[in-house]
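Asks: The following block contains the structure, expressed as structure tokens.
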Amino acid sequence: MSGQTDPRAFLGPDRADGTIYNDPALYEMEMERIFMRNWIWVAHRSDLPEAGDFITTFVGAHPVIVSRDRKGAVHVMLNRCRHRAATVCELSKGRTSSFVCPYHGWAYGLDGALRALPQPAGYGDLLNKSELPLVGLRVEEYAGLIFATFDPEAPSLDEWLGAARPWIDLFMKQGAGWPVKTMGEHRFTFPGNWKIQLENTTDAYHFPIVHKSFLDSVDRETQDTFDFVEGSGFVEDLGNGHSVMVMIPELVDLEADLDAPIPERFQDLADALLKDYAPEQVRRIVRAVGGSGFNLNLFPNLACSMAFFRVLRPLGVHETEIRHIAIGMDGGPESGNQARLRLHEHFQGPMGFGTPDDAEAWDRVQRGSVAGRDISILLNRGLAHEEAGPDGRLRSDVSAETGMRAAYRQWLASLEAGPGPSLPAQTGSCSHKAAGERV
Ligand code: FES
Ligand code: FE
């Protein structure tokens, strides 16, 4: 399958071929070498607050269960029964003490161990339960973000996130001093290749064009805030395919400059909060409600932007699922979280003024791209001004395609690193550890 495909045939240093969105063999190669080899985000810590909590999701094409065991450890396990392959759990989330396969009743613990099966005597001594746990993935966590990988050789999550970690730390300041929590999501699919969305997260160039109706829908003050494309922002290559687009530099650190005037649109909220919170905390909450001033793209499929996580999942060469997961303050004022949800709906909601316009553009890219290999997709915007920033990483102006070039460098490196890891046949699940900790 993928052994015959040369990824370099699809990509040059400053352009790609339209077939990069359309080649079925390339897609299969991506699923194996990118989505099985790199760290893939599976959950936020707040999705699994208690022992026994679980969610089901995907790592690339593979269904997985993410669970928290009695000791608090998080496990990510292939959602595939070790008997005859049925998915063991199809609830999206819940709380349980075990996972019982609905086909013949094999029962697995929260750590994936095979605990019991009906009529075991039928196997005589042919079956050893300890050799048949749900297949486990490596699991590590950074700042509440839980990632998993099939690759035993992958670097640590700390190493993988690298220069993106300080940006994740800044993003989490949207908790306003409380931990961040997830608050529900919008989920939809679009008829296009996953890389079209990957390219979009740090693409400010489209914003004033595609999102004109959004800009027209807000008040003048907000409109000025979003009028960033000619401003002092930048895009930076953070390594390993990650990138950041800083739109509004003064909103990068939500803890900085807490004495700045409260925007008029948040004045009513601030006045109400002052009844219960100290003035400095009110300013922190109001800053958090407005969201961060940057987009962070974590290769290959997680974006942190404004007040949400955006997760993409390839469903096929021409179909991609998008989840927009709203985040808020875990323990913070309900009125603040309600205001954040309204912000989320205004832009990301199915009737919002942002995402439906993005989805139409992505759909058009897919339909236009089938025109053929000879017609390039340009990825060279900002290259003329791109240079090493203060810490040696490539940086260009805010509307540059620096983030796309960063993602495609990692795309190529992953595809050229040889076949992806094979699924371990007999291993148990790895126990969870926070990044940097040993368990
Ligand atoms: Fe799961 Fe048979 S397939 S118990
Ligand atoms: Fe957009």
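Every chain in the structure tokens takes a letter, A first, then B, and so on in the order presented; its residues are numbered from 1, and the ligands are numbered from 1 following the presented order.
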Could you list, as a list in words, every residue within 10 Å of A:Met29, counting only C-alpha atoms and ignoring same-chain residues fewer than 5 positions away?

Replies: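 In the requested form, the answer reads Met1, Ser2, Gly3, Gln4, Thr5, Asp6, Pro7, Pro24, Ile34, Phe35, Ser414, Leu415, Gly418, Pro419 and Gly420 of chain A.
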
Asks: How would the residues just picked look written out with N, CA and C atoms as a PDB file, in the first residue's frame?

Replies:
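And here's part12.pdb as it stands now:
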```pdb
ATOM      1  N   MET A   1       0.838  -1.201   0.000  1.00  0.00           N
ATOM      2  CA  MET A   1       0.000   0.000   0.000  1.00  0.00           C
ATOM      3  C   MET A   1       0.866   1.242   0.000  1.00  0.00           C
ATOM      4  N   SER A   2       1.339   1.635   1.194  1.00  0.00           N
ATOM      5  CA  SER A   2       2.058   2.887   1.273  1.00  0.00           C
ATOM      6  C   SER A   2       3.495   2.767   0.783  1.00  0.00           C
ATOM      7  N   GLY A   3       4.013   1.551   0.644  1.00  0.00           N
ATOM      8  CA  GLY A   3       5.385   1.372   0.207  1.00  0.00           C
ATOM      9  C   GLY A   3       5.630   1.941  -1.184  1.00  0.00           C
ATOM     10  N   GLN A   4       4.573   2.046  -2.007  1.00  0.00           N
ATOM     11  CA  GLN A   4       4.730   2.515  -3.382  1.00  0.00           C
ATOM     12  C   GLN A   4       4.595   4.038  -3.475  1.00  0.00           C
ATOM     13  N   THR A   5       4.190   4.700  -2.421  1.00  0.00           N
ATOM     14  CA  THR A   5       3.867   6.120  -2.500  1.00  0.00           C
ATOM     15  C   THR A   5       5.060   6.960  -2.056  1.00  0.00           C
ATOM     16  N   ASP A   6       5.435   7.937  -2.876  1.00  0.00           N
ATOM     17  CA  ASP A   6       6.540   8.830  -2.515  1.00  0.00           C
ATOM     18  C   ASP A   6       5.954  10.175  -2.094  1.00  0.00           C
ATOM     19  N   PRO A   7       5.979  10.504  -0.804  1.00  0.00           N
ATOM     20  CA  PRO A   7       5.359  11.768  -0.362  1.00  0.00           C
ATOM     21  C   PRO A   7       5.990  12.993  -0.994  1.00  0.00           C
ATOM     22  N   PRO A  24      -5.750   8.308  -2.460  1.00  0.00           N
ATOM     23  CA  PRO A  24      -6.138   7.322  -1.441  1.00  0.00           C
ATOM     24  C   PRO A  24      -4.940   6.613  -0.813  1.00  0.00           C
ATOM     25  N   ILE A  34       1.478   8.972  10.380  1.00  0.00           N
ATOM     26  CA  ILE A  34       1.286  10.210  11.156  1.00  0.00           C
ATOM     27  C   ILE A  34       0.421   9.940  12.379  1.00  0.00           C
ATOM     28  N   PHE A  35      -0.730   9.313  12.177  1.00  0.00           N
ATOM     29  CA  PHE A  35      -1.675   9.199  13.289  1.00  0.00           C
ATOM     30  C   PHE A  35      -1.364   8.041  14.232  1.00  0.00           C
ATOM     31  N   SER A 414       7.376  12.581   9.088  1.00  0.00           N
ATOM     32  CA  SER A 414       6.650  11.406   9.596  1.00  0.00           C
ATOM     33  C   SER A 414       6.486  10.358   8.503  1.00  0.00           C
ATOM     34  N   LEU A 415       6.149  10.806   7.298  1.00  0.00           N
ATOM     35  CA  LEU A 415       5.911   9.857   6.211  1.00  0.00           C
ATOM     36  C   LEU A 415       7.208   9.188   5.765  1.00  0.00           C
ATOM     37  N   GLY A 418       9.579   5.794   7.673  1.00  0.00           N
ATOM     38  CA  GLY A 418       9.372   4.350   7.528  1.00  0.00           C
ATOM     39  C   GLY A 418       8.006   3.936   8.025  1.00  0.00           C
ATOM     40  N   PRO A 419       7.705   2.643   7.927  1.00  0.00           N
ATOM     41  CA  PRO A 419       6.382   2.161   8.325  1.00  0.00           C
ATOM     42  C   PRO A 419       6.046   2.543   9.756  1.00  0.00           C
ATOM     43  N   GLY A 420       4.787   2.802  10.009  1.00  0.00           N
ATOM     44  CA  GLY A 420       4.343   3.146  11.354  1.00  0.00           C
ATOM     45  C   GLY A 420       4.413   1.937  12.273  1.00  0.00           C
TER      46      GLY A 420
END
```

Asks: For ligand 1, return the neighbouring residues as a ChimeraX atom specification (distance at most 10 Å; only C-alpha atoms and all ligand atoms).

Replies: /A:80-88,100-107,117-118

Asks: Do a neighbour search on A:Ser67 at 6 Å with only C-alpha atoms, toss out local chain neighbours closer than 4 positions, and write the hits as a PyMOL selection string.

Replies: chain A and resi 53-54+74-75

Asks: What residues in stretch 307-423 of chain A get the DSSP label alpha helix (DSSP H)? Please answer as an MDAnalysis selection string.

Replies: chainID A and resid 334:348 355:369 402:415

Asks: Which of these residues is nearest to ligand 2, using only C-alpha atoms and all ligand atoms: A:Glu280, A:Asp397, A:Glu199, A:Asp259?

Replies: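 Of all the options, A:Glu199 lies closest to ligand 2.
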
Asks: Between atom CA of A:Arg95 and atom CA of A:Gly52, what is the distance in Å, rounded to a tenth?

Replies: 5.0 Å
